[in-house]
>>> print(open('model-v4.csv').read())   # CSV, C-alpha atoms and all ligand atoms
chain,number,residue,atom,x,y,z
Z,1,MET,CA,20.6,7.9,-31.9
Z,2,ARG,CA,22.3,6.7,-35.0
Z,3,THR,CA,21.4,8.6,-38.2
Z,4,GLY,CA,22.0,5.5,-40.4
Z,5,SER,CA,19.7,3.4,-38.3
Z,6,VAL,CA,16.9,6.1,-38.6
Z,7,ASN,CA,17.2,6.4,-42.3
Z,8,LYS,CA,17.1,2.6,-42.7
Z,9,GLN,CA,13.9,2.4,-40.7
Z,10,GLN,CA,12.3,5.4,-42.4
Z,11,LYS,CA,12.9,3.8,-45.8
Z,12,LEU,CA,11.5,0.6,-44.6
Z,13,LEU,CA,8.5,2.2,-43.0
Z,14,SER,CA,7.7,4.3,-46.1
Z,15,SER,CA,7.8,1.2,-48.3
Z,16,CYS,CA,5.0,-0.2,-46.2
Z,17,SER,CA,2.5,2.2,-47.7
Z,18,PHE,CA,3.2,1.1,-51.3
Z,19,SER,CA,0.4,-0.3,-53.3
Z,20,LEU,CA,1.3,-3.8,-54.5
Z,21,CYS,CA,-1.6,-4.2,-57.0
Z,22,ALA,CA,0.0,-4.7,-60.4
Z,23,ALA,CA,-2.0,-4.1,-63.5
Z,24,PRO,CA,-3.5,-7.4,-64.9
Z,25,PRO,CA,-2.2,-8.6,-68.3
Z,26,THR,CA,-4.2,-7.3,-71.2
Z,27,GLY,CA,-4.0,-10.3,-73.5
Z,28,ARG,CA,-6.6,-13.1,-73.4
Z,29,GLY,CA,-4.5,-16.1,-74.7
Z,30,LYS,CA,-2.9,-19.0,-72.7
Z,31,LYS,CA,0.5,-17.3,-72.7
Z,32,TYR,CA,-1.0,-14.2,-71.2
Z,33,LYS,CA,-2.9,-16.1,-68.6
Z,34,ALA,CA,0.3,-17.9,-67.5
Z,35,GLU,CA,2.2,-14.6,-67.3
Z,36,PHE,CA,-0.7,-13.2,-65.3
Z,37,GLN,CA,-0.6,-16.1,-62.9
Z,38,GLN,CA,3.3,-15.9,-62.5
Z,39,THR,CA,3.0,-12.1,-61.9
Z,40,ARG,CA,0.3,-12.7,-59.1
Z,41,GLU,CA,2.5,-15.3,-57.5
Z,42,ARG,CA,5.6,-13.1,-57.6
Z,43,GLU,CA,3.6,-10.2,-56.1
Z,44,ALA,CA,2.3,-12.4,-53.3
Z,45,VAL,CA,5.8,-13.4,-52.4
Z,46,GLU,CA,7.0,-9.8,-52.5
Z,47,GLN,CA,4.0,-8.7,-50.4
Z,48,LYS,CA,4.6,-11.4,-47.8
Z,49,LYS,CA,8.3,-10.2,-47.6
Z,50,LEU,CA,7.3,-6.6,-47.2
Z,51,THR,CA,4.6,-7.3,-44.6
Z,52,SER,CA,7.1,-9.2,-42.5
Z,53,HIS,CA,9.5,-6.2,-42.8
Z,54,CYS,CA,6.8,-3.8,-41.8
Z,55,THR,CA,5.8,-5.9,-38.8
Z,56,ALA,CA,9.4,-6.2,-37.8
Z,57,ALA,CA,9.8,-2.4,-38.2
Z,58,PHE,CA,6.7,-1.6,-36.1
Z,59,SER,CA,7.7,-4.2,-33.5
Z,60,PHE,CA,11.2,-2.6,-33.3
Z,61,GLU,CA,9.7,0.9,-32.9
Z,62,ASP,CA,7.1,-0.3,-30.4
Z,63,MET,CA,9.6,-2.3,-28.4
Z,64,ARG,CA,11.9,0.7,-28.1
Z,65,THR,CA,9.0,3.0,-27.0
Z,66,ALA,CA,7.7,0.4,-24.6
Z,67,SER,CA,11.2,-0.1,-23.1
Z,68,LEU,CA,11.6,3.6,-22.6
Z,69,LEU,CA,8.1,3.9,-21.1
Z,70,PHE,CA,8.8,0.9,-18.9
Z,71,LEU,CA,12.1,2.4,-17.6
Z,72,LEU,CA,10.6,5.8,-17.1
Z,73,SER,CA,7.6,4.4,-15.2
Z,74,PHE,CA,10.0,2.2,-13.1
Z,75,LEU,CA,12.1,5.2,-12.2
Z,76,LEU,CA,9.0,7.3,-11.5
Z,77,GLY,CA,7.6,4.5,-9.5
Z,78,VAL,CA,10.6,4.3,-7.3
Z,79,ASN,CA,10.4,8.1,-6.7
Z,80,TYR,CA,6.6,7.9,-6.0
Z,81,SER,CA,7.2,5.1,-3.6
Z,82,GLN,CA,9.8,7.1,-1.8
Z,83,ALA,CA,7.5,10.2,-1.6
Z,84,GLY,CA,4.4,8.2,-0.7
Z,85,SER,CA,6.0,6.3,2.1
Z,86,GLU,CA,4.4,6.8,5.4
Z,87,PHE,CA,3.7,5.0,8.6
Z,88,ARG,CA,0.3,5.7,10.1
Z,89,ILE,CA,-0.8,5.0,13.7
Z,90,CYS,CA,-4.6,5.2,14.4
Z,91,ALA,CA,-6.9,5.0,17.4
Z,92,PHE,CA,-10.5,4.2,16.8
Z,93,ASN,CA,-13.4,3.9,19.2
Z,94,LEU,CA,-15.7,1.5,17.4
Z,95,HIS,CA,-18.7,2.2,19.6
Z,96,HIS,CA,-20.2,-1.1,20.8
Z,97,PHE,CA,-18.4,-3.3,18.3
Z,98,GLY,CA,-19.8,-6.8,18.5
Z,99,GLU,CA,-22.0,-9.4,16.9
Z,100,SER,CA,-24.7,-7.0,15.6
Z,101,LYS,CA,-22.2,-4.8,13.8
Z,102,ALA,CA,-20.4,-7.8,12.4
Z,103,LYS,CA,-23.7,-8.9,10.7
Z,104,LYS,CA,-23.9,-5.7,8.7
Z,105,SER,CA,-21.6,-6.3,5.6
Z,106,ASP,CA,-21.6,-2.6,4.6
Z,107,VAL,CA,-20.5,-1.5,8.1
Z,108,MET,CA,-17.8,-4.2,8.1
Z,109,LEU,CA,-16.5,-3.1,4.7
Z,110,THR,CA,-16.3,0.5,5.7
Z,111,LEU,CA,-14.5,-0.5,8.9
Z,112,ALA,CA,-12.1,-2.5,6.8
Z,113,ARG,CA,-11.5,0.5,4.6
Z,114,ILE,CA,-10.8,2.8,7.5
Z,115,ILE,CA,-8.6,0.3,9.5
Z,116,SER,CA,-6.5,-0.8,6.5
Z,117,ARG,CA,-5.3,2.8,6.0
Z,118,CYS,CA,-3.2,2.4,9.2
Z,119,ASP,CA,0.0,0.5,9.8
Z,120,VAL,CA,-1.2,0.1,13.4
Z,121,CYS,CA,-4.8,0.7,14.6
Z,122,LEU,CA,-6.0,0.6,18.2
Z,123,LEU,CA,-9.6,-0.5,18.4
Z,124,GLN,CA,-11.6,0.4,21.4
Z,125,GLU,CA,-15.1,-0.4,22.7
Z,126,VAL,CA,-14.8,-3.9,21.4
Z,127,ARG,CA,-17.6,-5.8,23.1
Z,128,ASP,CA,-17.3,-9.1,21.4
Z,129,SER,CA,-18.6,-11.4,24.1
Z,130,LYS,CA,-18.6,-14.5,21.9
Z,131,GLY,CA,-15.3,-13.7,20.3
Z,132,THR,CA,-16.5,-14.0,16.7
Z,133,ALA,CA,-16.8,-10.3,15.6
Z,134,VAL,CA,-13.1,-9.5,15.8
Z,135,PRO,CA,-11.9,-12.5,13.7
Z,136,GLN,CA,-14.6,-11.6,11.2
Z,137,LEU,CA,-13.4,-8.0,11.0
Z,138,ILE,CA,-9.8,-9.2,10.6
Z,139,GLN,CA,-10.9,-11.5,7.8
Z,140,THR,CA,-12.8,-8.6,6.1
Z,141,ILE,CA,-9.7,-6.4,6.3
Z,142,LYS,CA,-7.5,-9.2,4.8
Z,143,SER,CA,-10.0,-9.7,1.9
Z,144,TYR,CA,-10.2,-5.9,1.4
Z,145,ASP,CA,-6.4,-5.2,1.3
Z,146,HIS,CA,-4.2,-7.8,-0.4
Z,147,ASN,CA,-1.2,-5.4,-0.4
Z,148,HIS,CA,-0.4,-6.1,3.3
Z,149,GLN,CA,-0.5,-8.8,5.8
Z,150,TYR,CA,-2.6,-8.2,8.9
Z,151,GLN,CA,-2.4,-9.5,12.4
Z,152,HIS,CA,-3.9,-8.5,15.7
Z,153,VAL,CA,-3.3,-8.6,19.4
Z,154,ALA,CA,-6.1,-8.2,21.9
Z,155,SER,CA,-6.3,-7.5,25.6
Z,156,VAL,CA,-8.5,-9.6,27.9
Z,157,ARG,CA,-12.1,-8.3,28.5
Z,158,LEU,CA,-11.8,-5.3,30.9
Z,159,GLY,CA,-14.4,-3.6,33.2
Z,160,ARG,CA,-15.5,-3.3,36.8
Z,161,SER,CA,-18.8,-5.0,36.1
Z,162,GLU,CA,-19.5,-8.4,34.6
Z,163,THR,CA,-22.3,-7.0,32.4
Z,164,TYR,CA,-20.2,-4.3,30.7
Z,165,GLN,CA,-16.7,-5.1,29.5
Z,166,GLU,CA,-14.5,-3.9,26.7
Z,167,GLN,CA,-11.4,-5.1,24.9
Z,168,TYR,CA,-8.5,-3.2,23.3
Z,169,VAL,CA,-7.4,-4.7,20.0
Z,170,PHE,CA,-4.3,-3.6,18.0
Z,171,VAL,CA,-4.6,-4.5,14.3
Z,172,TYR,CA,-1.3,-4.1,12.5
Z,173,ARG,CA,0.4,-4.8,9.2
Z,174,SER,CA,2.8,-7.6,10.0
Z,175,ASP,CA,4.9,-6.6,6.9
Z,176,THR,CA,5.7,-3.2,8.3
Z,177,VAL,CA,5.6,-3.7,12.1
Z,178,THR,CA,6.0,-6.4,14.7
Z,179,VAL,CA,4.8,-6.7,18.2
Z,180,THR,CA,7.8,-7.6,20.4
Z,181,ASP,CA,6.1,-7.5,23.8
Z,182,GLN,CA,2.8,-6.8,25.5
Z,183,TYR,CA,1.7,-5.9,29.0
Z,184,GLN,CA,-1.7,-5.6,30.7
Z,185,TYR,CA,-1.5,-3.0,33.5
Z,186,PRO,CA,-2.6,-4.7,36.7
Z,187,ASP,CA,-3.9,-1.5,38.3
Z,188,ASP,CA,-2.1,-2.3,41.5
Z,189,LEU,CA,-0.3,1.0,42.4
Z,190,PRO,CA,0.1,1.1,46.2
Z,191,GLY,CA,-2.3,3.7,47.5
Z,192,ASP,CA,-4.1,4.0,44.2
Z,193,GLU,CA,-5.4,0.6,43.5
Z,194,ASP,CA,-8.1,0.2,40.9
Z,195,ALA,CA,-7.6,3.6,39.4
Z,196,PHE,CA,-9.0,2.5,36.0
Z,197,SER,CA,-12.2,0.9,34.9
Z,198,ARG,CA,-10.5,-0.4,31.6
Z,199,GLU,CA,-6.9,-0.9,32.6
Z,200,PRO,CA,-4.4,0.3,30.0
Z,201,PHE,CA,-3.2,-2.3,27.5
Z,202,VAL,CA,0.4,-1.9,26.4
Z,203,VAL,CA,2.3,-3.2,23.3
Z,204,ARG,CA,5.9,-2.7,22.3
Z,205,LEU,CA,6.5,-2.4,18.6
Z,206,LYS,CA,9.4,-2.6,16.2
Z,207,ALA,CA,8.9,-0.7,12.9
Z,208,PRO,CA,12.3,-0.6,11.1
Z,209,ARG,CA,11.2,1.8,8.4
Z,210,THR,CA,10.3,4.5,10.9
Z,211,ALA,CA,12.6,7.1,12.3
Z,212,ILE,CA,11.9,5.9,15.9
Z,213,LYS,CA,12.1,2.1,15.0
Z,214,ASP,CA,11.3,0.8,18.5
Z,215,PHE,CA,8.4,2.2,20.6
Z,216,VAL,CA,5.6,1.6,23.0
Z,217,LEU,CA,1.9,2.2,22.6
Z,218,ILE,CA,-0.3,2.6,25.7
Z,219,ALA,CA,-4.0,2.2,25.0
Z,220,GLN,CA,-6.7,3.8,27.1
Z,221,HIS,CA,-10.4,4.4,26.8
Z,222,THR,CA,-11.3,6.5,29.9
Z,223,THR,CA,-14.6,6.3,31.8
Z,224,PRO,CA,-16.4,9.6,30.9
Z,225,THR,CA,-17.4,10.3,34.5
Z,226,ASN,CA,-13.9,9.6,35.8
Z,227,THR,CA,-11.8,11.2,33.0
Z,228,THR,CA,-9.7,13.6,35.1
Z,229,LYS,CA,-8.6,10.9,37.6
Z,230,GLU,CA,-7.9,8.3,35.0
Z,231,LEU,CA,-5.8,10.6,32.8
Z,232,ASP,CA,-3.7,11.6,35.8
Z,233,SER,CA,-3.2,8.0,36.7
Z,234,LEU,CA,-2.1,7.3,33.1
Z,235,TYR,CA,1.0,9.2,34.1
Z,236,ASP,CA,1.9,6.5,36.6
Z,237,VAL,CA,1.4,3.8,33.9
Z,238,LEU,CA,3.8,5.7,31.7
Z,239,GLN,CA,6.5,5.8,34.4
Z,240,ARG,CA,6.1,2.1,35.1
Z,241,VAL,CA,6.4,1.2,31.4
Z,242,ARG,CA,9.5,3.5,30.9
Z,243,LYS,CA,11.2,1.8,33.8
Z,244,MET,CA,10.1,-1.8,33.0
Z,245,TRP,CA,11.2,-1.7,29.3
Z,246,LYS,CA,13.9,1.0,29.7
Z,247,THR,CA,12.6,3.2,27.0
Z,248,GLU,CA,11.6,6.8,26.6
Z,249,ASN,CA,9.7,6.3,23.3
Z,250,VAL,CA,6.2,5.9,24.5
Z,251,MET,CA,2.9,7.0,22.9
Z,252,LEU,CA,-0.4,7.1,24.7
Z,253,LEU,CA,-3.6,7.0,22.6
Z,254,GLY,CA,-7.3,6.4,22.6
Z,255,ASP,CA,-10.6,7.9,23.5
Z,256,PHE,CA,-9.5,9.9,26.5
Z,257,ASN,CA,-12.8,11.8,26.7
Z,258,ALA,CA,-10.4,14.7,27.1
Z,259,ASP,CA,-12.7,17.6,26.2
Z,260,CYS,CA,-16.1,19.2,26.6
Z,261,GLY,CA,-18.0,18.3,29.8
Z,262,TYR,CA,-15.7,15.3,30.8
Z,263,LEU,CA,-12.5,17.3,31.3
Z,264,ALA,CA,-13.2,20.7,32.7
Z,265,LYS,CA,-10.6,23.4,31.9
Z,266,LYS,CA,-10.1,24.2,35.6
Z,267,ASN,CA,-9.1,20.6,36.3
Z,268,ARG,CA,-6.4,20.3,33.7
Z,269,LYS,CA,-3.8,21.7,36.0
Z,270,ASN,CA,-4.3,18.5,38.2
Z,271,VAL,CA,-3.5,16.1,35.4
Z,272,ARG,CA,0.2,15.3,35.2
Z,273,LEU,CA,-0.2,13.9,31.7
Z,274,ILE,CA,-1.1,17.5,30.7
Z,275,THR,CA,1.3,19.5,32.9
Z,276,ASP,CA,4.5,17.5,32.4
Z,277,PRO,CA,6.4,19.3,29.6
Z,278,SER,CA,7.9,16.1,28.3
Z,279,LEU,CA,4.5,15.1,27.0
Z,280,HIS,CA,3.4,16.3,23.6
Z,281,TRP,CA,-0.4,16.3,22.9
Z,282,LEU,CA,-0.5,16.0,19.1
Z,283,VAL,CA,-4.2,16.2,18.1
Z,284,PRO,CA,-5.1,19.9,17.9
Z,285,GLU,CA,-7.3,21.2,20.7
Z,286,ASN,CA,-10.1,22.4,18.4
Z,287,SER,CA,-10.4,19.1,16.5
Z,288,ASP,CA,-13.8,17.4,16.4
Z,289,THR,CA,-13.5,13.7,16.9
Z,290,THR,CA,-17.3,13.2,17.2
Z,291,VAL,CA,-19.4,12.1,14.2
Z,292,LYS,CA,-22.6,14.0,15.4
Z,293,LEU,CA,-22.9,17.3,13.7
Z,294,SER,CA,-24.4,18.7,17.0
Z,295,THR,CA,-21.3,18.0,19.0
Z,296,SER,CA,-17.7,19.2,18.6
Z,297,CYS,CA,-15.3,17.7,21.1
Z,298,SER,CA,-11.7,16.6,20.9
Z,299,TYR,CA,-12.2,13.3,22.9
Z,300,ASP,CA,-9.8,11.1,21.1
Z,301,ARG,CA,-6.1,11.9,21.6
Z,302,ILE,CA,-2.5,10.9,20.7
Z,303,VAL,CA,0.2,11.9,23.2
Z,304,VAL,CA,3.9,11.2,22.8
Z,305,HIS,CA,6.5,11.2,25.5
Z,306,GLY,CA,10.0,12.7,24.9
Z,307,ASP,CA,11.6,14.9,22.2
Z,308,THR,CA,13.0,11.9,20.3
Z,309,PHE,CA,9.6,10.5,19.7
Z,310,ASN,CA,8.2,13.9,19.0
Z,311,ARG,CA,10.9,14.5,16.3
Z,312,ALA,CA,10.0,11.2,14.7
Z,313,VAL,CA,6.4,12.4,14.1
Z,314,VAL,CA,5.5,14.1,10.8
Z,315,PRO,CA,4.7,17.7,12.0
Z,316,SER,CA,0.9,18.6,12.1
Z,317,SER,CA,0.0,15.1,10.8
Z,318,ALA,CA,-2.1,14.3,13.9
Z,319,GLN,CA,-5.8,14.7,13.1
Z,320,PRO,CA,-9.2,13.0,13.1
Z,321,PHE,CA,-10.0,11.0,10.0
Z,322,ASN,CA,-13.5,12.2,8.9
Z,323,PHE,CA,-14.6,9.0,7.2
Z,324,GLN,CA,-18.1,10.5,6.7
Z,325,LYS,CA,-16.9,13.2,4.5
Z,326,GLU,CA,-14.2,11.0,2.8
Z,327,TYR,CA,-16.7,8.2,1.9
Z,328,LYS,CA,-19.6,10.5,1.3
Z,329,LEU,CA,-21.9,9.0,4.0
Z,330,THR,CA,-24.9,10.6,5.6
Z,331,GLU,CA,-24.7,11.3,9.3
Z,332,GLU,CA,-27.0,8.2,9.9
Z,333,GLN,CA,-24.7,6.0,7.8
Z,334,ALA,CA,-21.6,7.3,9.6
Z,335,LEU,CA,-23.2,6.7,13.0
Z,336,ASP,CA,-23.8,3.1,12.0
Z,337,ILE,CA,-20.0,2.8,11.8
Z,338,SER,CA,-19.2,4.7,15.0
Z,339,ASP,CA,-20.0,7.9,16.9
Z,340,HIS,CA,-16.3,8.7,16.8
Z,341,TYR,CA,-13.9,9.5,14.1
Z,342,PRO,CA,-10.5,7.7,14.4
Z,343,VAL,CA,-7.5,9.9,15.2
Z,344,GLU,CA,-4.2,9.3,13.4
Z,345,VAL,CA,-0.6,10.4,13.2
Z,346,LEU,CA,2.2,9.8,10.7
Z,347,LEU,CA,5.7,8.7,11.7
Z,348,ARG,CA,8.7,9.8,9.6
Z,349,VAL,CA,9.9,7.0,7.4
Z,350,VAL,CA,13.7,6.6,6.9
Z,351,SER,CA,13.7,4.0,4.2
Z,352,SER,CA,11.2,3.7,1.4
Z,353,ARG,CA,9.1,0.7,0.5
Z,354,ALA,CA,11.3,0.3,-2.6
Z,355,PHE,CA,14.3,-0.4,-0.4
Z,356,PRO,CA,13.1,-2.3,2.6
Z,357,ARG,CA,15.5,-3.0,5.5
Z,358,GLY,CA,18.0,-5.8,4.8
Z,359,SER,CA,17.7,-5.7,1.0
Z,360,SER,CA,18.8,-2.2,0.3
Z,361,PHE,CA,22.0,-3.2,-1.4
Z,362,LYS,CA,20.2,-5.8,-3.5
Z,363,ASN,CA,17.6,-3.3,-4.6
Z,364,HIS,CA,20.1,-0.5,-5.2
Z,365,PHE,CA,22.1,-2.9,-7.3
Z,366,SER,CA,19.1,-3.8,-9.4
Z,367,LEU,CA,18.4,-0.1,-9.9
Z,368,PHE,CA,22.0,0.5,-11.0
Z,369,ALA,CA,21.7,-2.4,-13.4
Z,370,PHE,CA,19.1,-0.5,-15.3
Z,371,ILE,CA,21.4,2.5,-16.0
Z,372,PRO,CA,23.3,0.8,-19.0
Z,373,LEU,CA,19.9,-0.3,-20.3
Z,374,VAL,CA,18.6,3.3,-20.2
Z,375,LEU,CA,21.8,4.6,-22.0
Z,376,GLN,CA,21.5,1.8,-24.6
Z,377,ALA,CA,17.9,2.7,-25.2
Z,378,LEU,CA,18.8,6.4,-25.7
Z,379,LEU,CA,21.6,5.5,-28.1
Z,380,TRP,CA,19.4,3.3,-30.4
Z,401,CA,CA,-9.3,-1.3,37.7
Z,402,CA,CA,-19.1,16.5,15.6
>>> encode(input="model-v4.csv", output="structure tokens")
Amino acid sequence: MRTGSVNKQQKLLSSCSFSLCAAPPTGRGKKYKAEFQQTREREAVEQKKLTSHCTAAFSFEDMRTASLLFLLSFLLGVNYSQAGSEFRICAFNLHHFGESKAKKSDVMLTLARIISRCDVCLLQEVRDSKGTAVPQLIQTIKSYDHNHQYQHVASVRLGRSETYQEQYVFVYRSDTVTVTDQYQYPDDLPGDEDAFSREPFVVRLKAPRTAIKDFVLIAQHTTPTNTTKELDSLYDVLQRVRKMWKTENVMLLGDFNADCGYLAKKNRKNVRLITDPSLHWLVPENSDTTVKLSTSCSYDRIVVHGDTFNRAVVPSSAQPFNFQKEYKLTEEQALDISDHYPVEVLLRVVSSRAFPRGSSFKNHFSLFAFIPLVLQALLW
């Protein structure tokens, strides 16, 4: 900082506190009155000049402080953005999601809060027979979160009986991830036809910010009474998808009913999805994915295939999201939302939001352009 410049400003600022009230003329004659009038006019002009100097001096100081604060917050903002970057994949059993839930605005708002935390969220137990509840939910999410664009892709209605059917729906942020392909498993494996009640729905995604970039999600909500069989058959679906799309990067997720009475410990050795060492079960065994206080079961799961995908996952990030605790709800209020907590996992992010793919040079350049400004501000 230049000393001369400081002295000049200090002098200018100290003059601002001067009193400008001159003593009135003591005489009572015409001459004195005229002199008094002239003095007042002169003082008014002087005061105007000084006020404008003071304003300029304060503006100058304020501007410099504001500029420094702006530059500091900009630089901190970039760092925060880099540190806070994450890519979240979720799976949520919405428990009979349809018209009646869509009518409850508080339930819809909480669902929007939960789902909009995720870059991709698999919804299960969607029982929207008239096809109105899902669009309504998407609209609520869009109104709730203006920072991202949301789209969704849904399976057909699935189930062995006409009276009970469910859909899988993937809600995703179209500004961070795109769906490049989708596949409805036809459940036609020779010798093992109709293995599933709700056949797996598969999407292929491209998420350039993540370490894995291109990967597949296989959605499954198992039938509680047939969990062991369906989980084992999920292994066949995995093999088909790997071969079909020539990729090793596959994640299987959903309400697997993979705990408590539905998956006995003694049967686990018969499930290839558990015994094959190339599969990594990410949600810890002792997690509780049930809302009810009286139950503690790890039903909802996230499983990744292959070491490459496993390395792209943020270690120990897979967990249930206890929205009851997070949003301070009673058990009854939480059960109105669902009887399950969502499960989620974070993927490593290789480029921050500050430098999205394809514009990194431009953004880096604009950051470098600030350096001379910072130096100039410090030299003032
Ligand atoms: Ca079937
Ligand atoms: Ca529980």
>>> residues_near_ligand(input="model-v4.csv", ligand="ligand CA 402 (chain Z)", cutoff="6 Å", atoms="only C-alpha atoms and all ligand atoms", output="NGL selection string")
:Z and (288 or 290-296)
>>> closest_residue(input="model-v4.csv", among="Z:Leu94, Z:Val203, Z:Leu189, Z:Cys297", to="Z:Ala133", atoms="all atoms listed in the file")
Z:Leu94
>>> closest_atom_pairs(input="model-v4.csv", of="chain Z", to="ligand CA 401 (chain Z)", cutoff="7 Å", atoms="only C-alpha atoms and all ligand atoms", output="Markdown table")
| residue | atom | partner | partner_atom | distance |
| --- | --- | --- | --- | --- |
| Z:Arg160 | CA | Z:CA401 | CA | 6.6 |
| Z:Asp187 | CA | Z:CA401 | CA | 5.4 |
| Z:Asp194 | CA | Z:CA401 | CA | 3.7 |
| Z:Ala195 | CA | Z:CA401 | CA | 5.5 |
| Z:Phe196 | CA | Z:CA401 | CA | 4.2 |
| Z:Ser197 | CA | Z:CA401 | CA | 4.6 |
| Z:Arg198 | CA | Z:CA401 | CA | 6.3 |
| Z:Glu199 | CA | Z:CA401 | CA | 5.7 |
>>> atom_distance(input="model-v4.csv", atom1="atom CA of Z:Asp336", atom2="atom CA of Z:Thr140")
17.1 Å
>>> residues_around(input="model-v4.csv", residues="Z:Asn267", least_positions_apart="4", cutoff="8 Å", atoms="all atoms listed in the file", output="PyMOL selection string")
chain Z and resi 228+263+271
>>> write_last_selection(input="model-v4.csv", atoms="C-alpha atoms", output="PDB file, in the frame of the given file")
ATOM      1  CA  THR Z 228      -9.700  13.600  35.100  1.00  0.00           C
ATOM      2  CA  LEU Z 263     -12.500  17.300  31.300  1.00  0.00           C
ATOM      3  CA  VAL Z 271      -3.500  16.100  35.400  1.00  0.00           C
TER       4      VAL Z 271
END
>>> atom_distance(input="model-v4.csv", atom1="atom CA of Z:Asn257", atom2="atom CA of Z:Thr227")
6.4 Å
>>> closest_residue(input="model-v4.csv", among="Z:His96, Z:Tyr183, Z:Ala102, Z:Asp145", to="Z:Gln165", atoms="only C-alpha atoms")
Z:His96
>>> residues_around(input="model-v4.csv", residues="Z:Ile114", least_positions_apart="3", cutoff="10 Å", atoms="only C-alpha atoms", output="compact mmCIF listing (two decimals) with C-alpha atoms, in the coordinates of the input")
# COMPACT_ATOMS: atom_id res chain seq x y z
CA CYS Z 90 -4.60 5.20 14.40
CA PHE Z 92 -10.50 4.20 16.80
CA MET Z 108 -17.80 -4.20 8.10
CA LEU Z 109 -16.50 -3.10 4.70
CA THR Z 110 -16.30 0.50 5.70
CA LEU Z 111 -14.50 -0.50 8.90
CA ARG Z 117 -5.30 2.80 6.00
CA CYS Z 118 -3.20 2.40 9.20
CA CYS Z 121 -4.80 0.70 14.60
CA ILE Z 141 -9.70 -6.40 6.30
CA PHE Z 321 -10.00 11.00 10.00
CA ASN Z 322 -13.50 12.20 8.90
CA PHE Z 323 -14.60 9.00 7.20
CA TYR Z 327 -16.70 8.20 1.90
CA TYR Z 341 -13.90 9.50 14.10
CA PRO Z 342 -10.50 7.70 14.40
>>> residues_around(input="model-v4.csv", residues="Z:Gln151", least_positions_apart="3", cutoff="7 Å", atoms="all atoms listed in the file", output="ChimeraX atom specification")
/Z:171-174
>>> residues_around(input="model-v4.csv", residues="stretch 209-216 of chain Z", least_positions_apart="6", cutoff="12 Å", atoms="only C-alpha atoms", output="ChimeraX atom specification")
/Z:82,85-89,119-120,175-183,201-203,237-238,241-242,244-253,303-314,346-358,360
>>> residues_near_point(input="model-v4.csv", point="(-12.8, -15.2, 18.5)", cutoff="12 Å", atoms="all atoms listed in the file", output="list in words")
Gly98, Glu99, Val126, Arg127, Asp128, Ser129, Lys130, Gly131, Thr132, Ala133, Val134, Pro135, Gln136, Leu137, Ile138, Gln139, His152, Val153, Ala154, Val156 and Val169 of chain Z
>>> atom_distance(input="model-v4.csv", atom1="atom CA of Z:Ile274", atom2="atom CA of Z:Ser317")
20.1 Å
>>> axis_aligned_box(input="model-v4.csv", around="stretch 267-279 of chain Z", padding_each_side="6 Å", output="lines of an AutoDock Vina configuration file")
center_x = -0.6
center_y = 17.8
center_z = 32.6
size_x = 29.0
size_y = 19.8
size_z = 23.2
>>> closest_residue(input="model-v4.csv", among="Z:Ala207, Z:Phe256, Z:Pro200, Z:Glu332", to="Z:Asn226", atoms="all atoms listed in the file")
Z:Phe256
>>> decode(input="model-v4.csv", residues="stretch 85-111 of chain Z", atoms="C-alpha atoms", output="PDB file, in the first residue's frame")
ATOM      1  CA  SER Z  85     -18.655 -31.607  -4.608  1.00  0.00           C
ATOM      2  CA  GLU Z  86     -20.264 -34.978  -4.381  1.00  0.00           C
ATOM      3  CA  PHE Z  87     -22.367 -37.316  -6.468  1.00  0.00           C
ATOM      4  CA  ARG Z  88     -25.068 -39.137  -4.548  1.00  0.00           C
ATOM      5  CA  ILE Z  89     -26.944 -42.233  -5.655  1.00  0.00           C
ATOM      6  CA  CYS Z  90     -30.011 -43.209  -3.619  1.00  0.00           C
ATOM      7  CA  ALA Z  91     -32.579 -46.007  -3.514  1.00  0.00           C
ATOM      8  CA  PHE Z  92     -35.881 -45.353  -1.794  1.00  0.00           C
ATOM      9  CA  ASN Z  93     -38.853 -47.659  -1.232  1.00  0.00           C
ATOM     10  CA  LEU Z  94     -41.756 -45.175  -1.131  1.00  0.00           C
ATOM     11  CA  HIS Z  95     -44.228 -47.685   0.330  1.00  0.00           C
ATOM     12  CA  HIS Z  96     -47.415 -47.632  -1.749  1.00  0.00           C
ATOM     13  CA  PHE Z  97     -46.726 -44.396  -3.538  1.00  0.00           C
ATOM     14  CA  GLY Z  98     -49.781 -43.318  -5.502  1.00  0.00           C
ATOM     15  CA  GLU Z  99     -52.726 -40.956  -5.574  1.00  0.00           C
ATOM     16  CA  SER Z 100     -53.447 -40.888  -1.836  1.00  0.00           C
ATOM     17  CA  LYS Z 101     -49.869 -39.848  -0.934  1.00  0.00           C
ATOM     18  CA  ALA Z 102     -49.828 -37.309  -3.765  1.00  0.00           C
ATOM     19  CA  LYS Z 103     -52.830 -35.587  -2.151  1.00  0.00           C
ATOM     20  CA  LYS Z 104     -50.853 -34.892   1.048  1.00  0.00           C
ATOM     21  CA  SER Z 105     -48.825 -31.745   0.365  1.00  0.00           C
ATOM     22  CA  ASP Z 106     -46.631 -32.120   3.485  1.00  0.00           C
ATOM     23  CA  VAL Z 107     -45.738 -35.697   2.473  1.00  0.00           C
ATOM     24  CA  MET Z 108     -44.943 -34.590  -1.081  1.00  0.00           C
ATOM     25  CA  LEU Z 109     -42.746 -31.749   0.178  1.00  0.00           C
ATOM     26  CA  THR Z 110     -40.765 -34.084   2.456  1.00  0.00           C
ATOM     27  CA  LEU Z 111     -40.381 -36.559  -0.414  1.00  0.00           C
TER      28      LEU Z 111
END
